[in-house]
Amino acid sequence: MDKLLNIKDIASKIGIENNIEMYGDYKAKIKDFKPKSNKQGKLILVTSINPTPAGEGKTTLSIGLQDSMRKLGLNSLVCLREPSLGPVFGSKGGAVGGGKAKVLPEDDINLHFNGDFHAITSANNLLCAIIDNHIYQGNCLDIKNVNFHRCLDVNDRELRNIELKNRKESFVITPASEIMAILCLAKDEEDLKNKLDNIIVGYNSKGEEILAKDLECTGALMLLLKDAIKPNLVQTLYNNPAIIHGGPFANIAHGCNSIIATKYALSISDYVITEAGFGSDCGALKFLDIKCRLNDIYPDVIVVNTTIKALKYHGNDDLVKGFQNLKFHIDLMKKYNDNVIVSLNKFDTDTAEEIDILKELVLKEDVSFVVSSMFIDGEDGCLDLANLIKDLSKVNTKHYEAYDINDLVENKINKVCNLYGASSVIYADDILDKVKKIDSSKYKNLPICIAKTPMSITDDKNLLGKPERFNMTVTDIYVEGGAGFIVVKMGNIMLMPGLGSKPRYLNYN
């Protein structure tokens, strides 16, 4: 491991030294982010089993794999999401990898980074202020029901429900903002403007939608987002390039880095490593059904990350029983891809016997198995995984879709829940009326984005492992017309987290 290099030197490693805007010595924005050629590198998706309190290490694995691939002389790039400040102080304490597999400068990336989250928060809340000001100034658009909410990148449960002077309001955390999703799904500035135009801000007394463009404000929003749309370039501990851009949560939104960053990386490198948040039932499904479907890009390899400790957690200290959770994720990803690899994130507490048991169980599922140790061994820790990916001769031919985009919304929901293994889907209150209304609207052919707990395959965080005979409950549904998907809330999912009894901000004392 060397000292941090000037970001110009990092940019030169991928041939873009003349295409960056410096943010100090160690961070930069990529100025012209249009794909450099028709070249299409291989896309490697890193996903995981359902998360546990101990953490599984998808980001650490993604960074470690980048370092190992570069050590082998491969032209690779890693594309990650930006950390949310809320979980950094509330639950994670950081999201830049760990041990010898990190991206740097660590504190800058974890906190304010290059201002992207602040820009998104400001654009979101400017739109909210414009909506309320329009109502105050006479309300010529006849806005009766506001459909767009304020956001803040802090875990603050007291903001979930508040009283404004003229109406009720509820904050969401910035990674759950529709503008975050829009930024990450926009193909370029023109597409960003179009998506902002089509945010549904509310409905009039006739039940007709009011869009952001009706408020004539999207030029101002674009001004706030003019730098945030540009991907960020940083480096790993081993001075290898890393692109970090966007940060939607995978339990609430679609949970992957920007399409701009991914497509740009694919045009300048032979291998692009990216991750999708939480387990494959959250981030990977949305990556495949939303990001890939809308942009005609598909992973060549899917890596399912796991740990012995996490599997034992899912099995009530029984590794074999806990394996059923991993088996679910293997089976799910095999529907989408011919090349599925299970990578064990090895800890010192893992015994040789436990590793052998897991290897035998995985190989019976007709997928590859490797042990990775990037946390301890850095660039040497993922060499087996890197070589396996390099030597893969099987071309992925699967472009599986969980549902037809033209299916009725209820059928889309049922088909995804069937993938989870649910016995049935229950609709609370008047939700089916909302579903029918969407089906009769111009939004009926949008993909769905299921918002649920990441801790379980189900919508109940307490059901670990691979539950059987469970129902899933739809508690709300609404269209995010700008982002271009239908949000389906299940269970008691919250869009604004709270701080726990032992929050990570205490670590900084």
# chains A, B, ... in the order shown; residues from 1 in each chain; ligands from 1
>>> closest_atom_pairs(of="range 33-126 of chain A", to="range 443-459 of chain A", cutoff="10 Å", atoms="only C-alpha atoms", output="CSV")
residue,atom,partner,partner_atom,distance
A:Ile49,CA,A:Ile457,CA,9.3
A:Asn50,CA,A:Met455,CA,5.5
A:Pro51,CA,A:Met455,CA,5.6
A:Thr52,CA,A:Met455,CA,6.7
A:Pro53,CA,A:Met455,CA,9.1
>>> closest_atom_pairs(of="range 147-177 of chain A", to="range 483-501 of chain A", cutoff="8 Å", atoms="only C-alpha atoms", output="tab-separated table")
residue	atom	partner	partner_atom	distance
A:Asn155	CA	A:Gly498	CA	4.8
A:Asp156	CA	A:Gly498	CA	5.0
A:Arg157	CA	A:Gly498	CA	4.5
A:Leu159	CA	A:Met496	CA	7.7
A:Arg160	CA	A:Met496	CA	6.2
A:Phe171	CA	A:Met496	CA	6.7
A:Val172	CA	A:Met496	CA	4.7
A:Ile173	CA	A:Met496	CA	5.0
A:Ala176	CA	A:Leu495	CA	6.4
>>> write_last_selection(atoms="N, CA and C atoms", output="compact mmCIF listing (two decimals), in the first residue's frame")
# COMPACT_ATOMS: atom_id res chain seq x y z
N ASN A 155 -30.65 10.64 10.24
CA ASN A 155 -31.64 9.76 10.87
C ASN A 155 -32.39 10.55 11.94
N ASP A 156 -33.66 10.87 11.70
CA ASP A 156 -34.42 11.72 12.63
C ASP A 156 -35.89 11.32 12.62
N ARG A 157 -36.26 10.39 13.52
CA ARG A 157 -37.62 9.86 13.53
C ARG A 157 -38.67 10.93 13.86
N LEU A 159 -39.09 13.64 12.52
CA LEU A 159 -39.53 14.31 11.30
C LEU A 159 -40.43 13.43 10.44
N ARG A 160 -40.74 12.23 10.92
CA ARG A 160 -41.59 11.35 10.13
C ARG A 160 -42.98 11.95 9.92
N PHE A 171 -41.04 13.99 6.45
CA PHE A 171 -39.72 13.99 5.84
C PHE A 171 -39.32 12.56 5.46
N VAL A 172 -38.54 12.43 4.41
CA VAL A 172 -37.86 11.17 4.10
C VAL A 172 -36.37 11.45 4.17
N ILE A 173 -35.57 10.39 4.33
CA ILE A 173 -34.12 10.59 4.31
C ILE A 173 -33.69 10.79 2.85
N ALA A 176 -33.85 8.31 0.05
CA ALA A 176 -35.19 7.89 -0.36
C ALA A 176 -35.89 8.94 -1.20
>>> residues_around(residues="range 22-33 of chain A", least_positions_apart="2", cutoff="6 Å", atoms="only C-alpha atoms", output="mmCIF file with N, CA and C atoms, in the first residue's frame")
data_model
loop_
_atom_site.group_PDB
_atom_site.id
_atom_site.type_symbol
_atom_site.label_atom_id
_atom_site.label_comp_id
_atom_site.auth_asym_id
_atom_site.auth_seq_id
_atom_site.Cartn_x
_atom_site.Cartn_y
_atom_site.Cartn_z
ATOM 1 N N ASN A 6 -1.926 11.936 -6.024
ATOM 2 C CA ASN A 6 -2.730 13.024 -6.553
ATOM 3 C C ASN A 6 -3.767 12.435 -7.508
ATOM 4 N N ILE A 7 -4.967 12.975 -7.460
ATOM 5 C CA ILE A 7 -6.065 12.410 -8.237
ATOM 6 C C ILE A 7 -5.789 12.473 -9.741
ATOM 7 N N ASN A 19 -9.903 15.064 -18.274
ATOM 8 C CA ASN A 19 -11.366 15.125 -18.199
ATOM 9 C C ASN A 19 -11.850 15.169 -16.754
ATOM 10 N N ILE A 20 -11.085 15.819 -15.881
ATOM 11 C CA ILE A 20 -11.505 15.893 -14.478
ATOM 12 C C ILE A 20 -11.463 17.327 -13.976
ATOM 13 N N LYS A 230 -22.318 14.938 -12.189
ATOM 14 C CA LYS A 230 -21.007 14.465 -12.642
ATOM 15 C C LYS A 230 -20.468 13.403 -11.672
ATOM 16 N N PRO A 231 -20.023 12.257 -12.190
ATOM 17 C CA PRO A 231 -19.482 11.207 -11.316
ATOM 18 C C PRO A 231 -18.211 11.665 -10.595
ATOM 19 N N ASN A 232 -17.946 11.040 -9.450
ATOM 20 C CA ASN A 232 -16.781 11.374 -8.626
ATOM 21 C C ASN A 232 -15.700 10.318 -8.774
ATOM 22 N N LEU A 233 -14.449 10.775 -8.876
ATOM 23 C CA LEU A 233 -13.305 9.872 -8.970
ATOM 24 C C LEU A 233 -12.481 9.950 -7.694
ATOM 25 N N VAL A 234 -12.205 8.780 -7.089
ATOM 26 C CA VAL A 234 -11.322 8.691 -5.912
ATOM 27 C C VAL A 234 -10.397 7.490 -6.127
#
>>> closest_residue(among="A:Met180, A:Val88, A:Leu126, A:Leu237", to="Gly255 in chain A", atoms="only C-alpha atoms")
A:Met180
>>> residues_around(residues="Thr121 in chain A", least_positions_apart="4", cutoff="12 Å", atoms="only C-alpha atoms", output="ChimeraX atom specification")
/A:84-85,115-117,125-128,149-154,171-180,183,221,224-225,228
>>> write_last_selection(atoms="N, CA and C atoms", output="compact mmCIF listing (two decimals), in the first residue's frame")
# COMPACT_ATOMS: atom_id res chain seq x y z
N SER A 84 -24.57 7.52 2.81
CA SER A 84 -25.52 8.48 3.39
C SER A 84 -25.04 8.87 4.78
N LEU A 85 -25.05 10.18 5.05
CA LEU A 85 -24.57 10.68 6.33
C LEU A 85 -25.40 10.12 7.49
N GLY A 115 -20.31 17.20 -2.29
CA GLY A 115 -21.51 18.02 -2.20
C GLY A 115 -22.74 17.47 -2.89
N ASP A 116 -22.68 16.22 -3.40
CA ASP A 116 -23.81 15.68 -4.16
C ASP A 116 -25.07 15.53 -3.30
N PHE A 117 -24.92 14.95 -2.10
CA PHE A 117 -26.08 14.75 -1.24
C PHE A 117 -26.69 16.10 -0.84
N ASN A 125 -35.78 20.15 -1.38
CA ASN A 125 -36.47 21.05 -0.46
C ASN A 125 -36.83 22.38 -1.10
N LEU A 126 -36.08 22.79 -2.13
CA LEU A 126 -36.51 23.96 -2.89
C LEU A 126 -37.84 23.67 -3.58
N LEU A 127 -37.98 22.49 -4.16
CA LEU A 127 -39.25 22.13 -4.80
C LEU A 127 -40.39 22.12 -3.78
N CYS A 128 -40.12 21.61 -2.58
CA CYS A 128 -41.16 21.63 -1.53
C CYS A 128 -41.55 23.06 -1.17
N HIS A 149 -42.40 15.22 -0.71
CA HIS A 149 -42.06 15.48 0.68
C HIS A 149 -40.63 16.00 0.85
N ARG A 150 -40.42 16.73 1.92
CA ARG A 150 -39.10 17.24 2.26
C ARG A 150 -38.17 16.09 2.66
N CYS A 151 -36.87 16.33 2.56
CA CYS A 151 -35.90 15.29 2.91
C CYS A 151 -34.75 15.90 3.69
N LEU A 152 -34.02 15.04 4.37
CA LEU A 152 -32.84 15.43 5.14
C LEU A 152 -31.96 14.20 5.27
N ASP A 153 -30.65 14.38 5.14
CA ASP A 153 -29.75 13.23 5.21
C ASP A 153 -29.27 13.00 6.64
N VAL A 154 -30.23 12.86 7.53
CA VAL A 154 -29.96 12.59 8.94
C VAL A 154 -31.03 11.61 9.43
N PHE A 171 -41.04 13.99 6.45
CA PHE A 171 -39.72 13.99 5.84
C PHE A 171 -39.32 12.56 5.46
N VAL A 172 -38.54 12.43 4.41
CA VAL A 172 -37.86 11.17 4.10
C VAL A 172 -36.37 11.45 4.17
N ILE A 173 -35.57 10.39 4.33
CA ILE A 173 -34.12 10.59 4.31
C ILE A 173 -33.69 10.79 2.85
N THR A 174 -32.65 11.58 2.63
CA THR A 174 -32.25 11.96 1.27
C THR A 174 -32.08 10.77 0.32
N PRO A 175 -31.51 9.63 0.74
CA PRO A 175 -31.41 8.49 -0.20
C PRO A 175 -32.76 7.95 -0.65
N ALA A 176 -33.85 8.31 0.05
CA ALA A 176 -35.19 7.89 -0.36
C ALA A 176 -35.89 8.94 -1.20
N SER A 177 -35.24 10.09 -1.40
CA SER A 177 -35.84 11.16 -2.21
C SER A 177 -35.98 10.72 -3.66
N GLU A 178 -37.08 11.12 -4.28
CA GLU A 178 -37.25 10.83 -5.70
C GLU A 178 -36.16 11.50 -6.53
N ILE A 179 -35.66 12.64 -6.08
CA ILE A 179 -34.62 13.32 -6.84
C ILE A 179 -33.31 12.51 -6.81
N MET A 180 -33.06 11.80 -5.71
CA MET A 180 -31.90 10.91 -5.68
C MET A 180 -32.07 9.81 -6.73
N LEU A 183 -31.57 11.31 -10.25
CA LEU A 183 -30.17 11.55 -10.58
C LEU A 183 -29.48 10.25 -10.99
N LEU A 221 -33.89 23.77 -10.33
CA LEU A 221 -33.43 22.49 -9.79
C LEU A 221 -32.20 22.00 -10.55
N LEU A 224 -29.07 23.65 -9.32
CA LEU A 224 -28.55 23.06 -8.08
C LEU A 224 -27.85 21.73 -8.33
N LEU A 225 -28.26 21.03 -9.38
CA LEU A 225 -27.74 19.68 -9.63
C LEU A 225 -26.66 19.64 -10.71
N ALA A 228 -23.68 17.87 -9.29
CA ALA A 228 -24.02 16.57 -8.70
C ALA A 228 -24.21 15.50 -9.76
>>> select_by_dssp(residues="range 66-241 of chain A", states="helix (DSSP H, G or I)", output="PyMOL selection string")
chain A and resi 66-71+85-92+106-110+116-136+157-159+174-176+178-185+189-197+212-215+218-224
>>> residues_around(residues="Tyr427 in chain A", least_positions_apart="6", cutoff="12 Å", atoms="only C-alpha atoms", output="list in words")
Glu410, Ile413, Asn414, Asp433, Lys434, Val435, Asn471, Met472, Thr473, Val474, Thr475, Asp476, Ile477, Val488, Lys489, Met490 and Gly491 of chain A
>>> write_last_selection(atoms="N, CA and C atoms", output="mmCIF file, in the first residue's frame")
data_model
loop_
_atom_site.group_PDB
_atom_site.id
_atom_site.type_symbol
_atom_site.label_atom_id
_atom_site.label_comp_id
_atom_site.auth_asym_id
_atom_site.auth_seq_id
_atom_site.Cartn_x
_atom_site.Cartn_y
_atom_site.Cartn_z
ATOM 1 N N GLU A 410 -51.024 -5.213 -10.165
ATOM 2 C CA GLU A 410 -51.220 -6.264 -9.161
ATOM 3 C C GLU A 410 -50.477 -7.533 -9.570
ATOM 4 N N ILE A 413 -46.745 -7.109 -8.833
ATOM 5 C CA ILE A 413 -46.487 -7.291 -7.397
ATOM 6 C C ILE A 413 -46.536 -8.772 -7.031
ATOM 7 N N ASN A 414 -47.547 -9.465 -7.524
ATOM 8 C CA ASN A 414 -47.695 -10.884 -7.200
ATOM 9 C C ASN A 414 -46.507 -11.701 -7.710
ATOM 10 N N ASP A 433 -57.730 -0.003 -4.590
ATOM 11 C CA ASP A 433 -58.314 1.098 -5.368
ATOM 12 C C ASP A 433 -57.207 1.942 -6.002
ATOM 13 N N LYS A 434 -56.120 2.162 -5.245
ATOM 14 C CA LYS A 434 -54.983 2.913 -5.780
ATOM 15 C C LYS A 434 -54.322 2.141 -6.922
ATOM 16 N N VAL A 435 -54.242 0.812 -6.752
ATOM 17 C CA VAL A 435 -53.648 -0.031 -7.786
ATOM 18 C C VAL A 435 -54.446 0.084 -9.082
ATOM 19 N N ASN A 471 -47.179 -14.475 4.304
ATOM 20 C CA ASN A 471 -47.873 -13.505 3.458
ATOM 21 C C ASN A 471 -47.079 -12.212 3.421
ATOM 22 N N MET A 472 -47.321 -11.415 2.399
ATOM 23 C CA MET A 472 -46.725 -10.084 2.332
ATOM 24 C C MET A 472 -47.857 -9.076 2.182
ATOM 25 N N THR A 473 -47.707 -7.942 2.879
ATOM 26 C CA THR A 473 -48.786 -6.958 2.942
ATOM 27 C C THR A 473 -48.371 -5.649 2.295
ATOM 28 N N VAL A 474 -49.151 -5.204 1.318
ATOM 29 C CA VAL A 474 -48.930 -3.907 0.678
ATOM 30 C C VAL A 474 -49.622 -2.843 1.515
ATOM 31 N N THR A 475 -48.845 -1.907 2.046
ATOM 32 C CA THR A 475 -49.400 -0.882 2.927
ATOM 33 C C THR A 475 -49.576 0.467 2.235
ATOM 34 N N ASP A 476 -48.934 0.638 1.090
ATOM 35 C CA ASP A 476 -49.133 1.866 0.298
ATOM 36 C C ASP A 476 -48.560 1.647 -1.089
ATOM 37 N N ILE A 477 -49.028 2.441 -2.027
ATOM 38 C CA ILE A 477 -48.501 2.385 -3.392
ATOM 39 C C ILE A 477 -48.662 3.761 -4.017
ATOM 40 N N VAL A 488 -43.953 0.398 -4.159
ATOM 41 C CA VAL A 488 -44.878 -0.482 -3.445
ATOM 42 C C VAL A 488 -44.326 -0.672 -2.038
ATOM 43 N N LYS A 489 -44.950 -0.028 -1.063
ATOM 44 C CA LYS A 489 -44.500 -0.167 0.323
ATOM 45 C C LYS A 489 -45.114 -1.416 0.940
ATOM 46 N N MET A 490 -44.264 -2.210 1.597
ATOM 47 C CA MET A 490 -44.727 -3.460 2.200
ATOM 48 C C MET A 490 -44.329 -3.501 3.671
ATOM 49 N N GLY A 491 -45.219 -4.042 4.487
ATOM 50 C CA GLY A 491 -44.953 -4.117 5.915
ATOM 51 C C GLY A 491 -44.899 -2.733 6.529
#
>>> closest_residue(among="A:Phe369, A:His245, A:Leu383, A:Thr349", to="Val303 in chain A", atoms="only C-alpha atoms")
A:Phe369
>>> residues_around(residues="Val362 in chain A", least_positions_apart="6", cutoff="9 Å", atoms="only C-alpha atoms", output="ChimeraX atom specification")
/A:323,326-327,330,342,368-369
>>> residues_around(residues="range 308-312 of chain A", least_positions_apart="2", cutoff="12 Å", atoms="only C-alpha atoms", output="VMD selection string")
chain A and resid 48 to 57 279 305 to 306 314 to 327 343 to 359 371 455 464 to 466
>>> write_last_selection(atoms="N, CA and C atoms", output="short mmCIF file (atom, residue, chain, number, x, y, z; two decimals), in the first residue's frame")
data_model
loop_
_atom_site.label_atom_id
_atom_site.label_comp_id
_atom_site.auth_asym_id
_atom_site.auth_seq_id
_atom_site.Cartn_x
_atom_site.Cartn_y
_atom_site.Cartn_z
N SER A 48 -25.63 -9.97 -2.14
CA SER A 48 -25.39 -10.61 -0.86
C SER A 48 -26.62 -11.38 -0.39
N ILE A 49 -26.44 -12.09 0.72
CA ILE A 49 -27.58 -12.65 1.45
C ILE A 49 -28.24 -11.51 2.22
N ASN A 50 -29.34 -11.81 2.92
CA ASN A 50 -29.97 -10.77 3.74
C ASN A 50 -29.02 -10.31 4.83
N PRO A 51 -28.91 -9.00 5.03
CA PRO A 51 -27.92 -8.47 5.98
C PRO A 51 -28.23 -8.84 7.42
N THR A 52 -27.19 -8.81 8.23
CA THR A 52 -27.30 -9.05 9.67
C THR A 52 -26.60 -7.91 10.40
N PRO A 53 -26.78 -7.80 11.70
CA PRO A 53 -26.13 -6.70 12.44
C PRO A 53 -24.61 -6.67 12.29
N ALA A 54 -23.99 -7.81 11.99
CA ALA A 54 -22.53 -7.86 11.88
C ALA A 54 -22.03 -7.30 10.56
N GLY A 55 -22.90 -7.19 9.57
CA GLY A 55 -22.48 -6.72 8.25
C GLY A 55 -21.83 -7.83 7.45
N GLU A 56 -22.02 -7.80 6.12
CA GLU A 56 -21.52 -8.89 5.28
C GLU A 56 -20.34 -8.46 4.41
N GLY A 57 -20.23 -7.17 4.08
CA GLY A 57 -19.04 -6.68 3.40
C GLY A 57 -19.10 -6.62 1.89
N GLY A 279 -29.56 -7.37 0.45
CA GLY A 279 -29.55 -8.69 -0.16
C GLY A 279 -30.07 -8.65 -1.59
N ASN A 305 -22.19 -12.48 -2.05
CA ASN A 305 -21.30 -12.40 -0.91
C ASN A 305 -21.97 -12.95 0.35
N THR A 306 -21.21 -13.64 1.18
CA THR A 306 -21.76 -14.16 2.43
C THR A 306 -20.66 -14.29 3.47
N HIS A 314 -28.62 -16.43 10.63
CA HIS A 314 -29.89 -16.79 9.99
C HIS A 314 -30.36 -18.19 10.38
N GLY A 315 -29.45 -19.02 10.87
CA GLY A 315 -29.82 -20.37 11.25
C GLY A 315 -29.87 -20.60 12.74
N ASN A 316 -29.95 -19.51 13.52
CA ASN A 316 -29.97 -19.63 14.98
C ASN A 316 -28.78 -20.46 15.46
N ASP A 317 -27.59 -20.06 14.96
CA ASP A 317 -26.29 -20.65 15.28
C ASP A 317 -26.06 -22.01 14.60
N ASP A 318 -26.92 -22.34 13.63
CA ASP A 318 -26.76 -23.58 12.88
C ASP A 318 -26.39 -23.22 11.44
N LEU A 319 -25.14 -23.49 11.04
CA LEU A 319 -24.65 -23.10 9.73
C LEU A 319 -25.46 -23.75 8.60
N VAL A 320 -25.74 -25.02 8.74
CA VAL A 320 -26.46 -25.74 7.68
C VAL A 320 -27.88 -25.18 7.53
N LYS A 321 -28.52 -24.92 8.64
CA LYS A 321 -29.86 -24.33 8.59
C LYS A 321 -29.80 -22.93 8.00
N GLY A 322 -28.81 -22.15 8.39
CA GLY A 322 -28.67 -20.79 7.87
C GLY A 322 -28.35 -20.76 6.39
N PHE A 323 -27.77 -21.85 5.88
CA PHE A 323 -27.45 -21.92 4.46
C PHE A 323 -28.70 -21.76 3.59
N GLN A 324 -29.86 -22.07 4.14
CA GLN A 324 -31.09 -21.95 3.36
C GLN A 324 -31.32 -20.51 2.89
N ASN A 325 -30.85 -19.54 3.68
CA ASN A 325 -30.97 -18.15 3.24
C ASN A 325 -30.07 -17.91 2.03
N LEU A 326 -28.83 -18.40 2.08
CA LEU A 326 -27.93 -18.27 0.94
C LEU A 326 -28.48 -19.02 -0.27
N LYS A 327 -29.05 -20.18 -0.06
CA LYS A 327 -29.61 -20.96 -1.17
C LYS A 327 -30.71 -20.16 -1.88
N SER A 343 -19.02 -15.95 -2.91
CA SER A 343 -17.75 -15.56 -2.30
C SER A 343 -17.93 -15.49 -0.79
N LEU A 344 -17.15 -16.27 -0.08
CA LEU A 344 -17.16 -16.24 1.38
C LEU A 344 -16.20 -15.17 1.87
N ASN A 345 -16.72 -14.18 2.54
CA ASN A 345 -15.89 -13.16 3.18
C ASN A 345 -15.34 -13.77 4.47
N LYS A 346 -14.08 -14.17 4.43
CA LYS A 346 -13.50 -14.96 5.52
C LYS A 346 -13.11 -14.10 6.72
N PHE A 347 -13.45 -14.61 7.91
CA PHE A 347 -13.05 -14.00 9.17
C PHE A 347 -12.12 -14.95 9.91
N ASP A 348 -11.32 -14.40 10.82
CA ASP A 348 -10.38 -15.23 11.59
C ASP A 348 -11.09 -16.28 12.43
N THR A 349 -12.34 -15.99 12.78
CA THR A 349 -13.10 -16.92 13.63
C THR A 349 -13.65 -18.11 12.85
N ASP A 350 -13.61 -18.07 11.52
CA ASP A 350 -14.12 -19.17 10.71
C ASP A 350 -13.18 -20.38 10.82
N THR A 351 -13.74 -21.54 11.04
CA THR A 351 -12.92 -22.75 11.11
C THR A 351 -12.83 -23.41 9.74
N ALA A 352 -11.79 -24.22 9.57
CA ALA A 352 -11.63 -24.96 8.31
C ALA A 352 -12.82 -25.89 8.08
N GLU A 353 -13.33 -26.47 9.15
CA GLU A 353 -14.48 -27.37 9.04
C GLU A 353 -15.70 -26.61 8.55
N GLU A 354 -15.95 -25.43 9.09
CA GLU A 354 -17.11 -24.63 8.66
C GLU A 354 -16.99 -24.24 7.19
N ILE A 355 -15.80 -23.86 6.79
CA ILE A 355 -15.60 -23.47 5.38
C ILE A 355 -15.82 -24.66 4.47
N ASP A 356 -15.34 -25.83 4.84
CA ASP A 356 -15.53 -27.03 4.03
C ASP A 356 -17.02 -27.40 3.93
N ILE A 357 -17.73 -27.27 5.03
CA ILE A 357 -19.17 -27.58 5.02
C ILE A 357 -19.89 -26.63 4.05
N LEU A 358 -19.56 -25.35 4.15
CA LEU A 358 -20.22 -24.37 3.28
C LEU A 358 -19.86 -24.62 1.82
N LYS A 359 -18.61 -24.90 1.56
CA LYS A 359 -18.18 -25.15 0.18
C LYS A 359 -18.94 -26.32 -0.41
N VAL A 371 -13.13 -18.33 -1.54
CA VAL A 371 -12.92 -17.69 -0.25
C VAL A 371 -12.16 -16.39 -0.50
N MET A 455 -33.87 -6.95 6.07
CA MET A 455 -33.35 -7.94 7.01
C MET A 455 -33.90 -9.34 6.76
N LEU A 464 -36.18 -14.68 9.85
CA LEU A 464 -34.84 -14.87 9.29
C LEU A 464 -34.76 -16.17 8.50
N GLY A 465 -33.58 -16.42 7.94
CA GLY A 465 -33.37 -17.65 7.19
C GLY A 465 -34.17 -17.68 5.91
N LYS A 466 -34.83 -18.81 5.66
CA LYS A 466 -35.71 -18.97 4.50
C LYS A 466 -37.09 -19.35 5.02
#
>>> select_by_dssp(residues="range 144-277 of chain A", states="strand (DSSP E)", output="PyMOL selection string")
chain A and resi 144-146+151-152+162-163+168-169+172-173+200-204+209-211+232-236+241-244+271-275
>>> atom_distance(atom1="CA of Leu185 in chain A", atom2="CA of Lys291 in chain A")
7.1 Å
>>> closest_residue(among="A:Lys71, A:Lys42, A:Lys165, A:Lys437", to="Val395 in chain A", atoms="only C-alpha atoms")
A:Lys42
